[in-house]
Every structure is written in C-alpha cells, then in structure tokens.
file protein_31.tsv (TSV, C-alpha atoms)
chain	number	residue	atom	x	y	z
A	1	MET	CA	0.00	0.00	0.00
A	2	ALA	CA	1.42	3.35	-1.06
A	3	ARG	CA	2.43	5.71	1.71
A	4	THR	CA	2.69	9.50	1.74
A	5	ILE	CA	6.29	10.62	2.23
A	6	VAL	CA	7.31	14.24	2.81
A	7	VAL	CA	10.99	15.13	2.26
A	8	SER	CA	12.26	18.63	2.98
A	9	GLY	CA	15.20	19.84	0.96
A	10	GLY	CA	14.19	17.23	-1.59
A	11	GLY	CA	15.38	19.01	-4.70
A	12	THR	CA	19.05	17.99	-4.66
A	13	GLY	CA	21.66	15.81	-2.99
A	14	ILE	CA	20.65	13.68	-0.03
A	15	GLY	CA	17.05	14.88	-0.05
A	16	LYS	CA	16.55	14.01	-3.70
A	17	ALA	CA	18.13	10.57	-3.18
A	18	VAL	CA	15.83	9.92	-0.22
A	19	ALA	CA	12.79	10.99	-2.21
A	20	ALA	CA	13.80	8.81	-5.16
A	21	ARG	CA	14.28	5.78	-2.89
A	22	PHE	CA	10.74	6.01	-1.57
A	23	ALA	CA	9.32	6.77	-5.01
A	24	ALA	CA	10.95	3.57	-6.29
A	25	ASP	CA	8.63	1.67	-3.92
A	26	GLY	CA	5.59	3.35	-5.44
A	27	ASP	CA	5.06	5.69	-2.50
A	28	ARG	CA	3.53	9.15	-2.93
A	29	VAL	CA	6.48	11.47	-2.43
A	30	VAL	CA	6.21	15.19	-1.72
A	31	VAL	CA	9.39	17.24	-1.91
A	32	VAL	CA	9.50	20.62	-0.18
A	33	GLY	CA	12.12	23.33	-0.57
A	34	ARG	CA	12.79	26.99	-1.29
A	35	ARG	CA	13.85	26.78	-4.96
A	36	ALA	CA	10.75	26.13	-7.01
A	37	GLU	CA	12.51	25.39	-10.31
A	38	VAL	CA	14.93	22.91	-8.75
A	39	LEU	CA	12.12	21.27	-6.80
A	40	GLU	CA	9.84	20.91	-9.82
A	41	LYS	CA	12.66	19.34	-11.82
A	42	ALA	CA	13.38	16.79	-9.08
A	43	ALA	CA	9.71	15.97	-8.63
A	44	GLY	CA	9.34	15.40	-12.35
A	45	GLU	CA	12.32	13.06	-12.43
A	46	ILE	CA	11.10	10.86	-9.58
A	47	GLY	CA	7.37	11.10	-10.24
A	48	GLY	CA	6.66	13.08	-7.08
A	49	THR	CA	4.90	16.28	-6.07
A	50	ALA	CA	6.68	19.59	-5.47
A	51	LEU	CA	5.55	22.04	-2.80
A	52	PRO	CA	7.88	25.07	-2.89
A	53	ALA	CA	8.13	26.79	0.50
A	54	ASP	CA	10.55	28.33	2.97
A	55	LEU	CA	10.25	26.02	5.97
A	56	GLY	CA	11.92	28.59	8.20
A	57	ASP	CA	8.84	30.78	7.80
A	58	PRO	CA	5.90	29.78	10.07
A	59	ALA	CA	3.32	31.12	7.60
A	60	GLU	CA	4.84	29.10	4.75
A	61	VAL	CA	4.87	25.98	6.91
A	62	GLU	CA	1.19	26.41	7.72
A	63	ARG	CA	0.43	26.77	4.02
A	64	VAL	CA	2.24	23.50	3.29
A	65	ARG	CA	0.41	21.80	6.14
A	66	ALA	CA	-2.94	22.90	4.71
A	67	GLU	CA	-1.99	21.62	1.25
A	68	LEU	CA	-0.85	18.28	2.62
A	69	ALA	CA	-4.06	17.87	4.62
A	70	GLU	CA	-6.22	18.78	1.63
A	71	ARG	CA	-4.41	16.72	-1.00
A	72	PHE	CA	-3.29	13.67	0.99
A	73	GLY	CA	-5.17	13.75	4.28
A	74	SER	CA	-2.28	12.37	6.31
A	75	VAL	CA	1.47	11.75	6.29
A	76	ASP	CA	3.24	8.44	6.85
A	77	VAL	CA	6.87	9.55	6.83
A	78	LEU	CA	8.40	12.97	7.42
A	79	VAL	CA	12.08	13.35	6.52
A	80	ASN	CA	13.55	16.60	7.81
A	81	ASN	CA	16.51	16.96	5.49
A	82	ALA	CA	16.55	20.69	4.74
A	83	GLY	CA	19.64	22.43	6.04
A	84	GLY	CA	23.15	23.56	5.22
A	85	ASN	CA	26.04	25.58	6.52
A	86	ALA	CA	25.68	29.28	5.79
A	87	ASP	CA	29.43	29.67	6.38
A	88	ASN	CA	30.15	27.55	3.31
A	89	HIS	CA	28.32	29.90	0.97
A	90	GLY	CA	29.55	33.35	1.95
A	91	GLY	CA	27.11	33.78	4.81
A	92	PRO	CA	26.80	36.79	7.14
A	93	ALA	CA	30.01	38.20	8.57
A	94	GLY	CA	28.96	38.84	12.18
A	95	VAL	CA	28.93	36.14	14.85
A	96	ALA	CA	25.30	36.76	15.82
A	97	GLU	CA	24.23	36.81	12.18
A	98	ARG	CA	26.07	33.58	11.35
A	99	TRP	CA	24.63	31.71	14.33
A	100	THR	CA	21.15	33.05	13.69
A	101	SER	CA	21.35	32.09	10.03
A	102	ASN	CA	22.44	28.53	10.76
A	103	PHE	CA	19.75	28.25	13.47
A	104	ARG	CA	17.10	29.19	10.95
A	105	ILE	CA	18.51	26.96	8.20
A	106	ASN	CA	19.04	23.85	10.32
A	107	VAL	CA	16.79	24.02	13.38
A	108	LEU	CA	13.68	25.97	12.42
A	109	THR	CA	13.36	24.20	9.05
A	110	SER	CA	13.07	20.92	10.96
A	111	VAL	CA	11.17	21.95	14.09
A	112	LEU	CA	8.50	24.10	12.44
A	113	PRO	CA	7.26	21.46	9.96
A	114	THR	CA	7.51	18.69	12.54
A	115	GLU	CA	5.33	20.57	14.99
A	116	ALA	CA	2.90	21.63	12.26
A	117	PHE	CA	2.57	18.17	10.68
A	118	ARG	CA	2.66	15.96	13.79
A	119	ASP	CA	-1.11	15.62	14.01
A	120	LEU	CA	-1.14	14.47	10.37
A	121	LEU	CA	1.19	11.54	11.09
A	122	ASN	CA	-0.39	8.13	10.77
A	123	PRO	CA	0.09	5.39	13.38
A	124	SER	CA	3.20	3.35	12.59
A	125	GLY	CA	4.60	6.40	10.85
A	126	ALA	CA	8.14	7.73	11.11
A	127	VAL	CA	9.98	11.00	11.52
A	128	VAL	CA	13.65	11.14	10.50
A	129	PHE	CA	15.98	14.08	11.03
A	130	VAL	CA	19.11	14.43	8.91
A	131	SER	CA	21.85	15.75	11.20
A	132	SER	CA	25.62	15.58	10.71
A	133	ILE	CA	28.84	14.12	12.03
A	134	ALA	CA	29.57	17.73	13.02
A	135	ALA	CA	26.90	17.50	15.72
A	136	LEU	CA	28.96	14.78	17.39
A	137	ARG	CA	32.50	16.06	17.03
A	138	GLY	CA	32.24	19.77	16.19
A	139	SER	CA	32.49	21.70	12.97
A	140	GLY	CA	35.75	23.59	13.22
A	141	GLY	CA	34.38	26.67	14.93
A	142	SER	CA	31.30	27.01	12.75
A	143	SER	CA	27.82	27.22	14.30
A	144	TYR	CA	26.69	24.42	11.96
A	145	GLY	CA	27.57	21.55	14.31
A	146	PRO	CA	25.85	23.05	17.36
A	147	MET	CA	22.72	23.75	15.34
A	148	LYS	CA	22.54	20.16	14.10
A	149	ALA	CA	23.21	18.95	17.65
A	150	ALA	CA	20.13	20.83	18.82
A	151	LEU	CA	18.00	18.37	16.86
A	152	HIS	CA	19.22	15.36	18.86
A	153	PRO	CA	17.50	16.01	22.22
A	154	TYR	CA	14.47	17.34	20.36
A	155	ALA	CA	14.21	14.04	18.49
A	156	CYS	CA	14.47	12.09	21.75
A	157	ASP	CA	11.67	14.13	23.35
A	158	LEU	CA	9.57	13.76	20.22
A	159	ALA	CA	10.11	9.99	20.20
A	160	ALA	CA	8.72	9.81	23.73
A	161	ALA	CA	5.73	11.97	22.82
A	162	LEU	CA	4.83	10.13	19.60
A	163	GLY	CA	5.78	6.61	20.69
A	164	PRO	CA	2.33	5.82	22.15
A	165	ARG	CA	0.89	6.49	18.69
A	166	GLY	CA	3.31	4.00	17.14
A	167	VAL	CA	5.38	6.70	15.47
A	168	THR	CA	9.17	6.34	15.56
A	169	VAL	CA	11.58	9.27	15.59
A	170	ASN	CA	15.25	8.93	14.71
A	171	VAL	CA	18.26	10.92	13.57
A	172	VAL	CA	20.66	10.07	10.76
A	173	ALA	CA	24.08	11.73	11.07
A	174	PRO	CA	26.05	11.54	7.81
A	175	GLY	CA	29.75	12.21	7.47
A	176	TYR	CA	31.35	13.48	4.26
A	177	ILE	CA	28.87	12.89	1.43
A	178	GLU	CA	29.86	13.63	-2.16
A	179	ASP	CA	27.60	14.84	-4.98
A	180	THR	CA	25.77	17.44	-2.90
A	181	GLU	CA	25.78	21.23	-2.82
A	182	PHE	CA	26.75	21.34	0.86
A	183	PHE	CA	30.35	22.52	0.54
A	184	GLY	CA	29.83	24.87	-2.38
A	185	ASP	CA	33.32	25.78	-3.64
A	186	ALA	CA	34.95	25.03	-0.27
A	187	MET	CA	35.98	21.41	-1.01
A	188	SER	CA	39.57	21.25	-2.24
A	189	ASP	CA	41.28	18.04	-3.33
A	190	GLU	CA	43.35	18.13	-0.14
A	191	ARG	CA	40.32	18.56	2.08
A	192	ARG	CA	38.49	15.76	0.27
A	193	ALA	CA	41.44	13.42	0.78
A	194	THR	CA	41.50	14.28	4.48
A	195	GLN	CA	37.79	13.56	4.84
A	196	ILE	CA	38.14	10.17	3.16
A	197	ALA	CA	41.26	9.28	5.18
A	198	GLN	CA	39.21	9.62	8.37
A	199	THR	CA	36.91	6.76	7.36
A	200	HIS	CA	37.48	3.06	7.97
A	201	THR	CA	35.94	2.22	4.61
A	202	GLY	CA	38.33	4.30	2.54
A	203	ARG	CA	35.70	6.13	0.54
A	204	ALA	CA	33.38	9.10	0.58
A	205	GLY	CA	29.73	8.57	1.38
A	206	THR	CA	27.04	8.94	-1.26
A	207	PRO	CA	23.50	10.33	-1.09
A	208	GLY	CA	22.34	6.76	-1.71
A	209	ASP	CA	24.06	5.58	1.49
A	210	VAL	CA	21.96	8.00	3.51
A	211	ALA	CA	18.81	7.31	1.51
A	212	GLU	CA	18.99	3.58	2.23
A	213	THR	CA	19.39	4.24	5.96
A	214	VAL	CA	16.46	6.64	6.04
A	215	HIS	CA	14.36	4.18	4.05
A	216	TRP	CA	15.11	1.41	6.55
A	217	LEU	CA	14.26	3.61	9.54
A	218	ALA	CA	10.86	4.25	7.96
A	219	SER	CA	10.24	0.56	7.28
A	220	PRO	CA	8.36	-2.02	9.38
A	221	GLY	CA	11.73	-3.68	10.02
A	222	ALA	CA	12.75	-0.68	12.14
A	223	GLY	CA	9.44	-0.41	13.96
A	224	HIS	CA	11.10	-0.88	17.37
A	225	VAL	CA	13.98	1.50	16.64
A	226	THR	CA	13.34	4.99	18.00
A	227	ALA	CA	15.17	7.86	19.73
A	228	GLN	CA	18.42	6.76	18.05
A	229	ILE	CA	21.24	8.57	16.26
A	230	ILE	CA	22.39	6.44	13.33
A	231	GLN	CA	25.77	7.45	11.95
A	232	VAL	CA	26.48	7.05	8.25
A	233	ASN	CA	30.10	8.10	8.01
A	234	GLY	CA	32.26	5.04	7.38
A	235	GLY	CA	33.50	5.15	10.97
A	236	ALA	CA	34.95	8.64	10.61
A	237	GLU	CA	33.46	9.90	13.87
A	238	ARG	CA	35.48	7.28	15.76
A	239	GLY	CA	38.73	8.57	14.32
A	240	ARG	CA	41.68	6.63	12.92
call {"tool": "encode", "arguments": {"input": "protein_31.tsv", "output": "structure tokens"}}
result
Amino acid sequence: MARTIVVSGGGTGIGKAVAARFAADGDRVVVVGRRAEVLEKAAGEIGGTALPADLGDPAEVERVRAELAERFGSVDVLVNNAGGNADNHGGPAGVAERWTSNFRINVLTSVLPTEAFRDLLNPSGAVVFVSSIAALRGSGGSSYGPMKAALHPYACDLAAALGPRGVTVNVVAPGYIEDTEFFGDAMSDERRATQIAQTHTGRAGTPGDVAETVHWLASPGAGHVTAQIIQVNGGAERGR
C-alpha cells in the first residue's frame, strides 16, 4: 500500500536521493524546498509532487500543512533533510548573524514542519531528522555543528511523545557525502582526501548511502527503533 512521504530539501543531494528511494517503492512522495525550479525538476524526475516553500517561515509551513491535509489527508513519513552551513556559501560576517542564520537553516526548518505536521502523522509512521557528524565532534568553529546537535535532544523528546501512537523518531548523522551542494566551492582536493582518510571504509559517502538508511528507519523492520542517532560516516566519527 502506497504511503505518503514528505521530504524537505528534496530538490538535490541527499534529499533528492531519499525521495527517489521512496518513489521507487511506489510511494507518494512530496518534496519541499525553497527553490521552485529545482524542486519541480526533481519531482518530475522521480514522479513526485513539489511544494515550494521556505520552511523557516511559520506562515509558509502552515500553508504547506494545509496543502498536505487537503491533498493527501495524512502523512506516513516525514524526513527533515533541509539544512546547510551558511558559512560555506559566503554567509553573514557577524557572529550573531552567522549563528542566527544557521539556526534558521538547520533548526527551524526541521522543528517548524515537525510541529505543524505531527497531528497528520499516521500510526506506525516515522519521523527522520538528517543531522551531521559535526553534531557529534564539532564543525571547526562554525555554528553548523551546534545547530545540528540541537536536533538530537528534540528528536528524543519527540520519540517519547509520539511513541504511544506507534510513530518512531530517529536521527541520521552523515559524514562526508559527495555529490551534494553542501560545501559549495569550499571542497579542495586536499580537504576531500582528508575527509576520506578519516573513514574506515576508505571512501566518501554517497547520497544513496543516507537514503537507504532513512528508508530502513521508515520501514516495518525498524518499527522498534526509535530515539536513536544512526551514523552514516564510514566510521569517521570514531577517528583513525
């Protein structure tokens, strides 16, 4: 039976791979993101539905919620993937501005839709947050890691609140993933080699690696897995 899957940041990279993985099962996939053209293209390629919106804006989130309720009635899986590091793309110069920007990009874009959509979640549904290895070991002075880390206790509290309804809540924390827009122009050959050298598997991660993990967490096989942080980083967080 087809499920309704909502993936934020579903136009590129990890989000698009996650959306495509669910679409391959015949699920109804809704991708949400700020860039309408990119989102429409991705939705067309995977056979999904695009709902352009800025999920850091409460009014936009409420609009998406109303559309989901009207068009689909309920949601089976919510994947909070939207995010990024403002510092990688020439973000604001001031400390307060940088931290505020990353808070909005990484925390509000996950918390606002989760709170707005939670009453739409079906029993035996799933919520998955895409975090980062940076939430576990820091991000070199950037506010990105702390902002992703903020999602971890929130996910644990949410798991306790939604557990009686049969809804699981988990976090996936990827390491270095290639073929995404995350680093912008900040990934040099030397930096890439360093990232890969930190893994035990000797390779960079792919969007498909994360997509398969998210897909499993939303499957019946993971029905008793909740309030967990699943690392997808080739062992890099453990060090060499």
call {"tool": "closest_residue", "arguments": {"input": "protein_31.tsv", "among": "A:Thr199, A:Gln231, A:Asn80, A:Ser8", "to": "Ala50 of chain A", "atoms": "all atoms listed in the file"}}
result
A:Ser8
call {"tool": "residues_around", "arguments": {"input": "protein_31.tsv", "residues": "Val31 of chain A", "least_positions_apart": "6", "cutoff": "12 Å", "atoms": "all atoms listed in the file", "output": "mmCIF file with C-alpha atoms, in the frame of the given file"}}
result
data_model
loop_
_atom_site.group_PDB
_atom_site.id
_atom_site.type_symbol
_atom_site.label_atom_id
_atom_site.label_comp_id
_atom_site.auth_asym_id
_atom_site.auth_seq_id
_atom_site.Cartn_x
_atom_site.Cartn_y
_atom_site.Cartn_z
ATOM 1 C CA THR A 4 2.690 9.500 1.740
ATOM 2 C CA ILE A 5 6.290 10.620 2.230
ATOM 3 C CA VAL A 6 7.310 14.240 2.810
ATOM 4 C CA VAL A 7 10.990 15.130 2.260
ATOM 5 C CA SER A 8 12.260 18.630 2.980
ATOM 6 C CA GLY A 9 15.200 19.840 0.960
ATOM 7 C CA GLY A 10 14.190 17.230 -1.590
ATOM 8 C CA GLY A 11 15.380 19.010 -4.700
ATOM 9 C CA THR A 12 19.050 17.990 -4.660
ATOM 10 C CA ILE A 14 20.650 13.680 -0.030
ATOM 11 C CA GLY A 15 17.050 14.880 -0.050
ATOM 12 C CA LYS A 16 16.550 14.010 -3.700
ATOM 13 C CA ALA A 17 18.130 10.570 -3.180
ATOM 14 C CA VAL A 18 15.830 9.920 -0.220
ATOM 15 C CA ALA A 19 12.790 10.990 -2.210
ATOM 16 C CA ALA A 20 13.800 8.810 -5.160
ATOM 17 C CA PHE A 22 10.740 6.010 -1.570
ATOM 18 C CA ALA A 23 9.320 6.770 -5.010
ATOM 19 C CA VAL A 38 14.930 22.910 -8.750
ATOM 20 C CA LEU A 39 12.120 21.270 -6.800
ATOM 21 C CA GLU A 40 9.840 20.910 -9.820
ATOM 22 C CA LYS A 41 12.660 19.340 -11.820
ATOM 23 C CA ALA A 42 13.380 16.790 -9.080
ATOM 24 C CA ALA A 43 9.710 15.970 -8.630
ATOM 25 C CA GLY A 44 9.340 15.400 -12.350
ATOM 26 C CA GLU A 45 12.320 13.060 -12.430
ATOM 27 C CA ILE A 46 11.100 10.860 -9.580
ATOM 28 C CA GLY A 47 7.370 11.100 -10.240
ATOM 29 C CA GLY A 48 6.660 13.080 -7.080
ATOM 30 C CA THR A 49 4.900 16.280 -6.070
ATOM 31 C CA ALA A 50 6.680 19.590 -5.470
ATOM 32 C CA LEU A 51 5.550 22.040 -2.800
ATOM 33 C CA PRO A 52 7.880 25.070 -2.890
ATOM 34 C CA ALA A 53 8.130 26.790 0.500
ATOM 35 C CA LEU A 55 10.250 26.020 5.970
ATOM 36 C CA VAL A 64 2.240 23.500 3.290
ATOM 37 C CA LEU A 68 -0.850 18.280 2.620
ATOM 38 C CA VAL A 77 6.870 9.550 6.830
ATOM 39 C CA LEU A 78 8.400 12.970 7.420
ATOM 40 C CA VAL A 79 12.080 13.350 6.520
ATOM 41 C CA ASN A 80 13.550 16.600 7.810
ATOM 42 C CA ASN A 81 16.510 16.960 5.490
ATOM 43 C CA ALA A 82 16.550 20.690 4.740
#
call {"tool": "atom_distance", "arguments": {"input": "protein_31.tsv", "atom1": "atom CA of Cys156 of chain A", "atom2": "atom CA of Ala96 of chain A"}}
result
27.6 Å
call {"tool": "residues_around", "arguments": {"input": "protein_31.tsv", "residues": "segment 114-121 of chain A", "least_positions_apart": "2", "cutoff": "9 Å", "atoms": "all atoms listed in the file", "output": "list in words"}}
result
Pro58, Val61, Glu62, Arg65, Leu68, Ala69, Gly73, Ser74, Val75, Asp76, Val77, Leu78, Asn80, Thr109, Ser110, Val111, Leu112, Pro123, Ser124, Gly125, Ala126, Val127, Leu162 and Val167 of chain A
call {"tool": "atom_distance", "arguments": {"input": "protein_31.tsv", "atom1": "atom CA of Val210 of chain A", "atom2": "atom CA of Arg71 of chain A"}}
result
28.1 Å
call {"tool": "closest_residue", "arguments": {"input": "protein_31.tsv", "among": "A:Val171, A:Ala155, A:Val30, A:Ala193", "to": "Val214 of chain A", "atoms": "all atoms listed in the file"}}
result
A:Val171
call {"tool": "residues_around", "arguments": {"input": "protein_31.tsv", "residues": "Leu158 of chain A", "least_positions_apart": "3", "cutoff": "9 Å", "atoms": "only C-alpha atoms", "output": "PyMOL selection string"}}
result
chain A and resi 153-155+161-163+168-169+227
call {"tool": "write_last_selection", "arguments": {"input": "protein_31.tsv", "atoms": "C-alpha atoms", "output": "mmCIF file, keeping the file's coordinate frame"}}
result
data_model
loop_
_atom_site.group_PDB
_atom_site.id
_atom_site.type_symbol
_atom_site.label_atom_id
_atom_site.label_comp_id
_atom_site.auth_asym_id
_atom_site.auth_seq_id
_atom_site.Cartn_x
_atom_site.Cartn_y
_atom_site.Cartn_z
ATOM 1 C CA PRO A 153 17.500 16.010 22.220
ATOM 2 C CA TYR A 154 14.470 17.340 20.360
ATOM 3 C CA ALA A 155 14.210 14.040 18.490
ATOM 4 C CA ALA A 161 5.730 11.970 22.820
ATOM 5 C CA LEU A 162 4.830 10.130 19.600
ATOM 6 C CA GLY A 163 5.780 6.610 20.690
ATOM 7 C CA THR A 168 9.170 6.340 15.560
ATOM 8 C CA VAL A 169 11.580 9.270 15.590
ATOM 9 C CA ALA A 227 15.170 7.860 19.730
#
call {"tool": "atom_distance", "arguments": {"input": "protein_31.tsv", "atom1": "atom CA of Arg3 of chain A", "atom2": "atom CA of Gly175 of chain A"}}
result
28.7 Å
call {"tool": "closest_residue", "arguments": {"input": "protein_31.tsv", "among": "A:Ala86, A:Val128, A:Ile133, A:Ala2", "to": "Val29 of chain A", "atoms": "all atoms listed in the file"}}
result
A:Ala2
call {"tool": "residues_around", "arguments": {"input": "protein_31.tsv", "residues": "Asn106 of chain A", "least_positions_apart": "5", "cutoff": "12 Å", "atoms": "all atoms listed in the file", "output": "NGL selection string"}}
result
:A and (8-9 or 55-56 or 80-86 or 99-101 or 111-112 or 129-132 or 135 or 143-151)
call {"tool": "closest_residue", "arguments": {"input": "protein_31.tsv", "among": "A:Leu136, A:Ala66, A:Val232, A:Ala222", "to": "Gly208 of chain A", "atoms": "all atoms listed in the file"}}
result
A:Val232
call {"tool": "closest_residue", "arguments": {"input": "protein_31.tsv", "among": "A:Asp179, A:Ile230, A:Gly223, A:Ala173", "to": "Thr206 of chain A", "atoms": "only C-alpha atoms"}}
result
A:Asp179
call {"tool": "axis_aligned_box", "arguments": {"input": "protein_31.tsv", "around": "segment 101-117 of chain A", "padding_each_side": "6 Å", "output": "AutoDock Vina command-line options"}}
result
--center_x 12.5 --center_y 25.1 --center_z 11.6 --size_x 31.9 --size_y 25.9 --size_z 18.8
call {"tool": "residues_around", "arguments": {"input": "protein_31.tsv", "residues": "Ala197 of chain A", "least_positions_apart": "4", "cutoff": "12 Å", "atoms": "only C-alpha atoms", "output": "JSON, numbers by chain"}}
result
{"A": [176, 190, 191, 192, 193, 201, 202, 203, 204, 233, 234, 235, 236, 237, 239, 240]}
call {"tool": "closest_residue", "arguments": {"input": "protein_31.tsv", "among": "A:Asp209, A:Asp157, A:Asp25, A:Asp54", "to": "Met1 of chain A", "atoms": "all atoms listed in the file"}}
result
A:Asp25
call {"tool": "build_atoms", "arguments": {"input": "protein_31.tsv", "residues": "segment 202-219 of chain A", "atoms": "N, CA, C and O atoms", "output": "CSV table (one decimal), keeping the file's coordinate frame"}}
result
chain,number,residue,atom,x,y,z
A,202,GLY,N,37.5,3.8,3.6
A,202,GLY,CA,38.3,4.3,2.5
A,202,GLY,C,37.6,5.0,1.4
A,202,GLY,O,38.1,5.0,0.3
A,203,ARG,N,36.4,5.5,1.6
A,203,ARG,CA,35.7,6.1,0.5
A,203,ARG,C,34.8,7.2,1.1
A,203,ARG,O,34.5,7.2,2.3
A,204,ALA,N,34.4,8.1,0.2
A,204,ALA,CA,33.4,9.1,0.6
A,204,ALA,C,32.0,8.5,0.6
A,204,ALA,O,31.8,7.4,0.0
A,205,GLY,N,31.1,9.0,1.4
A,205,GLY,CA,29.7,8.6,1.4
A,205,GLY,C,29.0,9.1,0.2
A,205,GLY,O,29.5,10.0,-0.5
A,206,THR,N,27.9,8.5,-0.1
A,206,THR,CA,27.0,8.9,-1.3
A,206,THR,C,25.6,9.3,-0.7
A,206,THR,O,25.2,8.8,0.3
A,207,PRO,N,24.9,10.1,-1.5
A,207,PRO,CA,23.5,10.3,-1.1
A,207,PRO,C,22.7,9.0,-1.0
A,207,PRO,O,21.8,8.9,-0.1
A,208,GLY,N,23.0,8.0,-1.8
A,208,GLY,CA,22.3,6.8,-1.7
A,208,GLY,C,22.6,6.0,-0.4
A,208,GLY,O,21.7,5.3,0.1
A,209,ASP,N,23.8,6.2,0.2
A,209,ASP,CA,24.1,5.6,1.5
A,209,ASP,C,23.1,6.1,2.5
A,209,ASP,O,22.5,5.3,3.3
A,210,VAL,N,22.9,7.4,2.5
A,210,VAL,CA,22.0,8.0,3.5
A,210,VAL,C,20.5,7.6,3.2
A,210,VAL,O,19.7,7.3,4.1
A,211,ALA,N,20.2,7.6,1.9
A,211,ALA,CA,18.8,7.3,1.5
A,211,ALA,C,18.4,5.9,2.0
A,211,ALA,O,17.3,5.7,2.4
A,212,GLU,N,19.3,4.9,1.8
A,212,GLU,CA,19.0,3.6,2.2
A,212,GLU,C,18.8,3.5,3.7
A,212,GLU,O,17.9,2.8,4.2
A,213,THR,N,19.5,4.2,4.5
A,213,THR,CA,19.4,4.2,6.0
A,213,THR,C,18.1,4.9,6.4
A,213,THR,O,17.3,4.3,7.2
A,214,VAL,N,17.7,6.0,5.8
A,214,VAL,CA,16.5,6.6,6.0
A,214,VAL,C,15.3,5.7,5.7
A,214,VAL,O,14.3,5.6,6.4
A,215,HIS,N,15.4,5.1,4.5
A,215,HIS,CA,14.4,4.2,4.0
A,215,HIS,C,14.1,3.0,5.0
A,215,HIS,O,13.0,2.7,5.4
A,216,TRP,N,15.2,2.5,5.6
A,216,TRP,CA,15.1,1.4,6.6
A,216,TRP,C,14.5,1.9,7.8
A,216,TRP,O,13.6,1.2,8.4
A,217,LEU,N,14.8,3.1,8.3
A,217,LEU,CA,14.3,3.6,9.5
A,217,LEU,C,12.8,3.8,9.4
A,217,LEU,O,12.0,3.9,10.4
A,218,ALA,N,12.3,4.0,8.2
A,218,ALA,CA,10.9,4.2,8.0
A,218,ALA,C,10.1,3.0,7.6
A,218,ALA,O,9.0,3.0,7.2
A,219,SER,N,10.8,1.8,7.7
A,219,SER,CA,10.2,0.6,7.3
A,219,SER,C,9.7,-0.2,8.5
A,219,SER,O,10.1,0.1,9.6
